[in-house]
Amino acid sequence: MKEVIVHPERCVGCMQCMPACAAAHSQSKNLFQASLEIPRPRPRVHVGVGLFNEGFPNRCRHCDPAPCLLACLPGAIARSAERNTVFIDPNRCINCASCAMACPFGVIRYHEDHTAPPGKTVAVKCDNCYERQLAGLIPACVEVCKSGALRFEERSEAMKRKTDEVARTVSVGAAPVELAPGFALLNAMKRKQIDLAR
Amino acid sequence: MNDKRYDANTITADGRLLLKKLERDGVDSVWDRFRAQLPNCGFCEMGLSCRICVMGPCRIDPFGEGPQRGVCGADADIMVARNLGRMIAAGAASHSDHGRDLVEVLGKVAVNAAPGYQLRDVEKLKRVAAEFGIKPDGKQPSQIAAELSDAMAEEYGTRKKELTLIQRAPAKRQEIWRRLGVAPRGIDRETSEMMHRTHMGVDNDWKSLLLHGIRNALSDGWGGSMIATEVSDILFGTPQPGVTRVNAGVLKKDQVNIVVHGHNPVVSEMLLRACQDPDLLKLAKDKGADGINLAGVCCTGNELLMRAGIPMAGNHLTTELVLATGAVDMMVVDYQCIMPSLGTVAACYHTKMVSTSDKARFPGMEHQEFHPENAAAKATALVKDAIANFNRRGEVFIPVEPVECMGGFSVEAILGALGGTPKPLIDAIAAGKIRGAVGIVGCNNPRIQQDYGHVTLTQRLIENDILVVDTGCASVATAKAGFKQSQALEKAGPGLREVCGALGVPPVLHVGSCVDNVRILVLASALANALGADISDLPIAGAAPEWYSEKAATIGVYFVASGVYTVLGPMPPITGSMNIVKLLTEGLNDVVGATFAVEPDPEKAAVLIRTHIEDKRRKLGLPYIQV
């Protein structure tokens, strides 16, 4: 089964996954119209800032066993084995924040959502874009990511690729492979600036 | 409270204290907004995003697996070159349009349509007019001014082959430009052509785009900006050395404080005049103030500092902070580098904010449009308003005592101090007492601790006997750090200390606002011409350790295209194309005899510059050392 896999070394920090995620979880599914909806749709993926101002797309890992699920008192959180996805039922959620306290990755937010009863604040997080998947689409964050930091692929495929990448670096006489020399140069300069500030 | 956060933002004592006050008052600063923007978009930082047409917007994946071309087919080289080209065009447009406004005032002064303005330097008027082929024979200054104003206005859309003022460059330099086909033909033309070339489906050879970038930047450096400086001198006086004071401590608790901000002296010179009006001074006294204190920030401040010794409250990243003193009764802005946040910051204090240019409006500011015809009257009215605001002050916090500084080093003043010719300077360089000279220019940028780049680089250069001339926000940084007073000679190496000591000047010379970078071009040309050499032969360099603006990008390009090796602090958005990185940092040497370097660490930038200067000394057959 394909799932969203994060490759942090490729994140260029453009944050396009965030508005795409918000729009995918809106009523209209259209970025411009979504920006006018009430309640305002919000992203389930959040780009954080690393030590050297690099980006990192932080999203739900859909853990198994999931600490949030175990911590949920009203039983609003459940796992769909079929989709390997942890869901929150907004009708059952009591907005107690137990799940967020249990979550090691800080990916759960609390706000109103068009799927929840009007005016009710609920726990919201990534649902692997199950609606889009049912329609034959890939998750929205992956669709807009142009640098390959977010991919929708078989876990085994990703592991194989990584294994080969590592294998190539230990080949006899192998020169170090630079993925993107310009990106490496930019990061080196940014790192220098930040080192200076410390 | 953990004060280390303030220390990381700025090296300045006034900045740290005012930042703390701003935070206590619950006001966002430029640093807060900078942090909220992190991480920056990597596509944009690399020049790999293109918003030029609506088949896109497009991005190119730097890792080579996602899209490698925009919808139109532009690859990374084309995309980066187009973005850089438009950046240069915007910078050239800004400084050159500033020049146009001055030419218009000159034209109005000539027909007595600009009450309050006058021709303060008639000698310079005649000298510059002669360069434009205007014969003085018995003409009144106003007649010459009218003809010069027309001739300069022509330069913007000239039908001649080349701009007039490129003749100031050494003959060898002019030849290089002609051979490359980059001699600028018209100030507006080159900017307009850049916008055309970067439209979808026009110039799609990245090298040819960059060559036009050079021509566009030259149209500013040897055109629009140069006109701006020369006309400012004619209208408001050519700067002469004088002593004044800098940092937020120049604001006075017991006086009406008016702060001018922006770039163009057209408005601020009239305010200066009004601030000296005895009737208004009396009005201020009647309101309980001890006088009217006009101070500057940013480059409008530099214009007044250079010509009238008006005190300077701070540079780019201090512009919000000075409002936190609660002592600014009015801030009057013209244009460029005025953060649109200022109106919001001022709303938390009693400061009255006034915008003055028909082309620059800001939220939270009252718009009082200045034109040459009404400027004198408007200025009087504004000063009256500022006086009326004096009694509305709340808590006043002047964080530090001001620092003394010397300014006013126009090329005329520098040559004057040398006895009318560059020869003593050349002799000192030839003897090795002075190893060379460096122009440190440009802005502040929240990516870098405020002033750290400027001050560290300046210190390392002067202690190694390299003369520093600086402009813009860089010049305010070193003034605040005390490099522009006689005691600063102690920070200089023995040779530089001896020469500057004998001339009675500090080791760091304030040559003006950022538009006045052209004074550095004129000075470099004077040195090169005296030696029969090209600018690229000289042991000189440029640096922009904390640049942020499009204008600075253009300045960098016209420096390099004029033969001056230039070290940038922040990386420009070009790393998406290693071809362009290589061309700008290596390949240009074979094209224009100079390159860019990028080095965020000023300690390392100093080593790069010293190495370059000693290398040039070696090539000139002068004594040199290994750095």
# chains A, B, ... in the order shown; residues from 1 in each chain; ligands from 1
call {"tool": "interface_residues", "arguments": {"of": "chain B", "to": "chain A", "cutoff": "6 Å", "atoms": "only C-alpha atoms", "output": "tab-separated table (two decimals) with N, CA and C atoms, in the first residue's frame"}}
result
chain	number	residue	atom	x	y	z
B	8	ALA	N	21.49	39.24	19.85
B	8	ALA	CA	21.67	38.49	18.60
B	8	ALA	C	21.15	39.29	17.41
B	39	PRO	N	10.62	28.81	7.56
B	39	PRO	CA	11.72	28.82	6.59
B	39	PRO	C	11.34	29.60	5.34
B	40	ASN	N	12.33	30.25	4.74
B	40	ASN	CA	12.06	30.93	3.47
B	40	ASN	C	11.87	29.89	2.38
B	41	CYS	N	11.14	30.27	1.36
B	41	CYS	CA	10.89	29.35	0.26
B	41	CYS	C	12.18	29.12	-0.53
B	42	GLY	N	12.61	27.87	-0.60
B	42	GLY	CA	13.86	27.55	-1.27
B	42	GLY	C	13.82	27.82	-2.77
B	61	ASP	N	12.63	21.98	-9.90
B	61	ASP	CA	13.13	21.17	-8.79
B	61	ASP	C	14.66	21.13	-8.82
B	62	PRO	N	15.30	21.67	-7.77
B	62	PRO	CA	16.77	21.69	-7.79
B	62	PRO	C	17.38	20.28	-7.69
B	63	PHE	N	16.56	19.28	-7.29
B	63	PHE	CA	17.10	17.93	-7.16
B	63	PHE	C	17.02	17.14	-8.45
B	66	GLY	N	11.85	16.45	-10.14
B	66	GLY	CA	10.58	17.12	-10.44
B	66	GLY	C	10.76	17.92	-11.73
B	575	THR	N	21.40	30.68	-6.85
B	575	THR	CA	22.05	29.36	-6.73
B	575	THR	C	21.30	28.27	-7.50
B	576	GLY	N	20.13	28.60	-8.05
B	576	GLY	CA	19.44	27.63	-8.89
B	576	GLY	C	20.18	27.35	-10.18
B	600	PRO	N	29.36	35.48	3.65
B	600	PRO	CA	28.59	36.06	4.76
B	600	PRO	C	29.45	36.43	5.98
call {"tool": "select_by_dssp", "arguments": {"residues": "segment 30-135 of chain A", "states": "strand (DSSP E)", "output": "PyMOL selection string"}}
result
chain A and resi 46-49+55-58+77-80+85-88+109-111+122-124
call {"tool": "write_last_selection", "arguments": {"atoms": "N, CA and C atoms", "output": "CSV table (one decimal), in the first residue's frame"}}
result
chain,number,residue,atom,x,y,z
A,46,HIS,N,2.4,20.8,8.7
A,46,HIS,CA,3.0,22.1,9.2
A,46,HIS,C,4.5,22.1,8.9
A,47,VAL,N,4.9,23.2,8.2
A,47,VAL,CA,6.4,23.2,7.9
A,47,VAL,C,7.1,23.9,9.1
A,48,GLY,N,8.0,23.2,9.7
A,48,GLY,CA,8.7,23.8,10.9
A,48,GLY,C,10.1,24.3,10.4
A,49,VAL,N,10.7,25.0,11.3
A,49,VAL,CA,12.0,25.6,11.0
A,49,VAL,C,13.1,24.9,11.7
A,55,GLY,N,13.5,23.9,6.1
A,55,GLY,CA,12.2,23.5,6.4
A,55,GLY,C,12.1,22.1,6.7
A,56,PHE,N,10.9,21.7,7.3
A,56,PHE,CA,10.6,20.3,7.5
A,56,PHE,C,9.1,20.1,7.6
A,57,PRO,N,8.5,19.3,6.7
A,57,PRO,CA,7.1,19.2,6.7
A,57,PRO,C,6.7,18.2,7.7
A,58,ASN,N,6.0,18.6,8.8
A,58,ASN,CA,5.7,17.8,9.9
A,58,ASN,C,4.2,17.3,9.8
A,77,ILE,N,-10.9,8.4,18.3
A,77,ILE,CA,-9.8,8.1,17.4
A,77,ILE,C,-9.8,6.6,17.1
A,78,ALA,N,-9.7,6.3,15.8
A,78,ALA,CA,-9.7,4.9,15.4
A,78,ALA,C,-8.8,4.7,14.3
A,79,ARG,N,-8.4,3.5,14.1
A,79,ARG,CA,-7.5,3.2,13.0
A,79,ARG,C,-8.2,2.4,11.9
A,80,SER,N,-7.9,2.8,10.6
A,80,SER,CA,-8.4,2.0,9.5
A,80,SER,C,-7.3,1.2,9.0
A,85,THR,N,-4.4,4.3,8.3
A,85,THR,CA,-4.7,5.7,8.7
A,85,THR,C,-5.4,5.8,10.0
A,86,VAL,N,-4.9,6.8,10.8
A,86,VAL,CA,-5.6,7.0,12.1
A,86,VAL,C,-6.5,8.2,11.9
A,87,PHE,N,-7.8,8.0,12.2
A,87,PHE,CA,-8.8,9.0,12.0
A,87,PHE,C,-9.4,9.6,13.3
A,88,ILE,N,-9.8,10.8,13.2
A,88,ILE,CA,-10.5,11.4,14.4
A,88,ILE,C,-12.0,11.7,14.0
A,109,ARG,N,-4.0,19.7,15.9
A,109,ARG,CA,-4.5,21.1,16.2
A,109,ARG,C,-5.9,21.1,16.6
A,110,TYR,N,-6.3,22.1,17.2
A,110,TYR,CA,-7.7,22.3,17.6
A,110,TYR,C,-8.4,23.5,17.0
A,111,HIS,N,-9.4,23.3,16.2
A,111,HIS,CA,-10.1,24.4,15.6
A,111,HIS,C,-11.4,23.9,15.1
A,122,VAL,N,-12.7,21.1,17.5
A,122,VAL,CA,-12.3,19.6,17.6
A,122,VAL,C,-10.9,19.4,17.3
A,123,ALA,N,-10.4,18.2,17.6
A,123,ALA,CA,-9.0,17.9,17.3
A,123,ALA,C,-9.0,17.5,15.8
A,124,VAL,N,-8.0,18.1,15.1
A,124,VAL,CA,-7.9,17.9,13.6
A,124,VAL,C,-6.4,17.5,13.3
call {"tool": "closest_residue", "arguments": {"among": "B:Thr585, B:Pro570, B:Asp329, B:Gln143", "to": "Glu45 of chain B", "atoms": "only C-alpha atoms"}}
result
B:Pro570
call {"tool": "residues_around", "arguments": {"residues": "Asp28 of chain B", "least_positions_apart": "5", "cutoff": "9 Å", "atoms": "only C-alpha atoms", "output": "list in words"}}
result
Leu22, Glu23, Arg33, Ser341 and Val345 of chain B
call {"tool": "closest_residue", "arguments": {"among": "B:Ala346, B:Ile613, B:Gly85, B:Pro602", "to": "Leu467 of chain B", "atoms": "only C-alpha atoms"}}
result
B:Ile613
call {"tool": "closest_atom_pairs", "arguments": {"of": "segment 539-608 of chain B", "to": "segment 452-464 of chain B", "cutoff": "12 Å", "atoms": "only C-alpha atoms", "output": "tab-separated table"}}
result
residue	atom	partner	partner_atom	distance
B:Ile540	CA	B:Leu461	CA	11.5
B:Ala541	CA	B:Leu461	CA	11.0
B:Gly542	CA	B:Leu457	CA	11.3
B:Ala543	CA	B:Leu457	CA	8.9
B:Ala544	CA	B:His454	CA	8.0
B:Pro545	CA	B:Gly453	CA	5.2
B:Glu546	CA	B:Gly453	CA	6.2
B:Trp547	CA	B:Gly453	CA	9.9
B:Val567	CA	B:Leu457	CA	10.8
B:Leu568	CA	B:Gly453	CA	10.3
B:Gly569	CA	B:Gly453	CA	7.7
B:Pro570	CA	B:Gly453	CA	10.3
B:Glu599	CA	B:Gly453	CA	10.3
B:Pro600	CA	B:Gly453	CA	8.0
B:Asp601	CA	B:Gly453	CA	7.4
B:Pro602	CA	B:Leu457	CA	5.1
B:Glu603	CA	B:Leu457	CA	6.3
B:Lys604	CA	B:Leu457	CA	8.8
B:Ala605	CA	B:Leu457	CA	7.1
B:Ala606	CA	B:Leu457	CA	5.7
B:Val607	CA	B:Arg460	CA	8.6
B:Leu608	CA	B:Leu461	CA	10.8
call {"tool": "write_last_selection", "arguments": {"atoms": "all heavy atoms", "output": "compact mmCIF listing (two decimals), in the first residue's frame"}}
result
# COMPACT_ATOMS: atom_id res chain seq x y z
N ILE B 540 41.64 48.25 -5.39
CA ILE B 540 40.41 48.66 -4.72
C ILE B 540 39.39 47.53 -4.77
O ILE B 540 39.55 46.59 -5.56
CB ILE B 540 39.79 49.93 -5.34
CG1 ILE B 540 39.40 49.68 -6.80
CG2 ILE B 540 40.74 51.11 -5.23
CD1 ILE B 540 38.60 50.81 -7.42
N ALA B 541 38.38 47.63 -3.95
CA ALA B 541 37.32 46.63 -3.95
C ALA B 541 36.04 47.26 -3.40
O ALA B 541 36.07 48.37 -2.87
CB ALA B 541 37.70 45.42 -3.10
N GLY B 542 34.95 46.54 -3.57
CA GLY B 542 33.67 46.97 -3.00
C GLY B 542 33.13 45.85 -2.13
O GLY B 542 33.53 44.69 -2.26
N ALA B 543 32.24 46.20 -1.20
CA ALA B 543 31.62 45.19 -0.36
C ALA B 543 30.23 45.65 0.05
O ALA B 543 30.01 46.84 0.27
CB ALA B 543 32.46 44.92 0.89
N ALA B 544 29.32 44.70 0.12
CA ALA B 544 27.96 44.97 0.61
C ALA B 544 27.62 43.88 1.62
O ALA B 544 26.92 42.93 1.32
CB ALA B 544 26.96 44.99 -0.54
N PRO B 545 28.15 44.01 2.85
CA PRO B 545 28.06 42.92 3.82
C PRO B 545 26.65 42.64 4.31
O PRO B 545 26.39 41.55 4.81
CB PRO B 545 28.93 43.41 5.00
CG PRO B 545 29.69 44.59 4.48
CD PRO B 545 28.90 45.17 3.36
N GLU B 546 25.74 43.62 4.24
CA GLU B 546 24.40 43.40 4.82
C GLU B 546 23.31 43.83 3.84
O GLU B 546 22.25 44.28 4.23
CB GLU B 546 24.27 44.18 6.14
CG GLU B 546 25.31 43.79 7.18
CD GLU B 546 25.21 44.58 8.49
OE1 GLU B 546 24.10 44.99 8.86
OE2 GLU B 546 26.25 44.77 9.13
N TRP B 547 23.57 43.67 2.54
CA TRP B 547 22.61 44.20 1.55
C TRP B 547 21.29 43.46 1.60
O TRP B 547 21.22 42.29 1.95
CB TRP B 547 23.22 44.13 0.15
CG TRP B 547 23.23 42.76 -0.47
CD1 TRP B 547 24.09 41.74 -0.18
CD2 TRP B 547 22.34 42.25 -1.47
NE1 TRP B 547 23.78 40.64 -0.95
CE2 TRP B 547 22.71 40.92 -1.76
CE3 TRP B 547 21.26 42.80 -2.18
CZ2 TRP B 547 22.05 40.12 -2.69
CZ3 TRP B 547 20.59 41.99 -3.12
CH2 TRP B 547 21.00 40.68 -3.35
N VAL B 567 32.42 42.05 -2.91
CA VAL B 567 32.08 40.91 -2.05
C VAL B 567 30.72 41.17 -1.40
O VAL B 567 30.54 42.17 -0.70
CB VAL B 567 33.15 40.71 -0.95
CG1 VAL B 567 32.81 39.49 -0.11
CG2 VAL B 567 34.53 40.55 -1.58
N LEU B 568 29.78 40.27 -1.65
CA LEU B 568 28.44 40.38 -1.07
C LEU B 568 28.36 39.55 0.21
O LEU B 568 28.98 38.49 0.29
CB LEU B 568 27.39 39.87 -2.06
CG LEU B 568 27.35 40.50 -3.44
CD1 LEU B 568 26.31 39.80 -4.31
CD2 LEU B 568 27.05 41.99 -3.35
N GLY B 569 27.59 40.02 1.18
CA GLY B 569 27.32 39.21 2.37
C GLY B 569 26.24 38.18 2.06
O GLY B 569 26.54 37.03 1.79
N PRO B 570 24.97 38.59 2.04
CA PRO B 570 23.91 37.63 1.71
C PRO B 570 24.00 37.14 0.26
O PRO B 570 24.40 37.88 -0.63
CB PRO B 570 22.62 38.43 1.92
CG PRO B 570 23.01 39.53 2.85
CD PRO B 570 24.43 39.87 2.50
N GLU B 599 30.40 36.09 0.60
CA GLU B 599 30.99 35.61 1.85
C GLU B 599 30.26 36.25 3.03
O GLU B 599 30.48 37.41 3.35
CB GLU B 599 32.49 35.96 1.89
CG GLU B 599 33.19 35.54 3.17
CD GLU B 599 32.90 34.10 3.58
OE1 GLU B 599 33.36 33.18 2.90
OE2 GLU B 599 32.19 33.90 4.60
N PRO B 600 29.36 35.48 3.65
CA PRO B 600 28.59 36.06 4.76
C PRO B 600 29.45 36.43 5.98
O PRO B 600 29.06 37.31 6.74
CB PRO B 600 27.62 34.94 5.14
CG PRO B 600 27.59 34.01 3.97
CD PRO B 600 28.92 34.12 3.32
N ASP B 601 30.59 35.78 6.16
CA ASP B 601 31.41 36.06 7.33
C ASP B 601 32.37 37.23 7.03
O ASP B 601 33.28 37.10 6.20
CB ASP B 601 32.22 34.80 7.69
CG ASP B 601 33.05 34.99 8.95
OD1 ASP B 601 33.20 36.15 9.41
OD2 ASP B 601 33.56 33.98 9.48
N PRO B 602 32.18 38.38 7.68
CA PRO B 602 33.00 39.55 7.35
C PRO B 602 34.50 39.34 7.63
O PRO B 602 35.34 39.97 6.99
CB PRO B 602 32.42 40.67 8.22
CG PRO B 602 31.65 39.99 9.29
CD PRO B 602 31.19 38.69 8.73
N GLU B 603 34.82 38.46 8.58
CA GLU B 603 36.23 38.17 8.85
C GLU B 603 36.86 37.55 7.59
O GLU B 603 37.97 37.91 7.19
CB GLU B 603 36.38 37.19 10.02
CG GLU B 603 35.81 37.68 11.35
CD GLU B 603 36.77 38.58 12.11
OE1 GLU B 603 37.88 38.84 11.60
OE2 GLU B 603 36.40 39.04 13.22
N LYS B 604 36.12 36.63 6.98
CA LYS B 604 36.65 35.96 5.78
C LYS B 604 36.57 36.90 4.58
O LYS B 604 37.43 36.86 3.70
CB LYS B 604 35.87 34.67 5.52
CG LYS B 604 36.19 33.62 6.57
CD LYS B 604 35.46 32.32 6.30
CE LYS B 604 35.75 31.33 7.43
NZ LYS B 604 34.61 30.47 7.70
N ALA B 605 35.54 37.75 4.55
CA ALA B 605 35.43 38.72 3.46
C ALA B 605 36.65 39.65 3.47
O ALA B 605 37.19 40.00 2.42
CB ALA B 605 34.14 39.52 3.59
N ALA B 606 37.09 40.01 4.67
CA ALA B 606 38.26 40.89 4.78
C ALA B 606 39.49 40.22 4.18
O ALA B 606 40.30 40.87 3.49
CB ALA B 606 38.50 41.24 6.25
N VAL B 607 39.63 38.92 4.41
CA VAL B 607 40.78 38.21 3.86
C VAL B 607 40.69 38.17 2.33
O VAL B 607 41.69 38.41 1.63
CB VAL B 607 40.86 36.77 4.45
CG1 VAL B 607 41.97 35.98 3.78
CG2 VAL B 607 41.08 36.83 5.96
N LEU B 608 39.49 37.90 1.82
CA LEU B 608 39.32 37.89 0.36
C LEU B 608 39.72 39.25 -0.23
O LEU B 608 40.42 39.32 -1.25
CB LEU B 608 37.84 37.63 0.00
CG LEU B 608 37.28 36.22 0.20
CD1 LEU B 608 35.79 36.21 -0.14
CD2 LEU B 608 38.03 35.22 -0.69
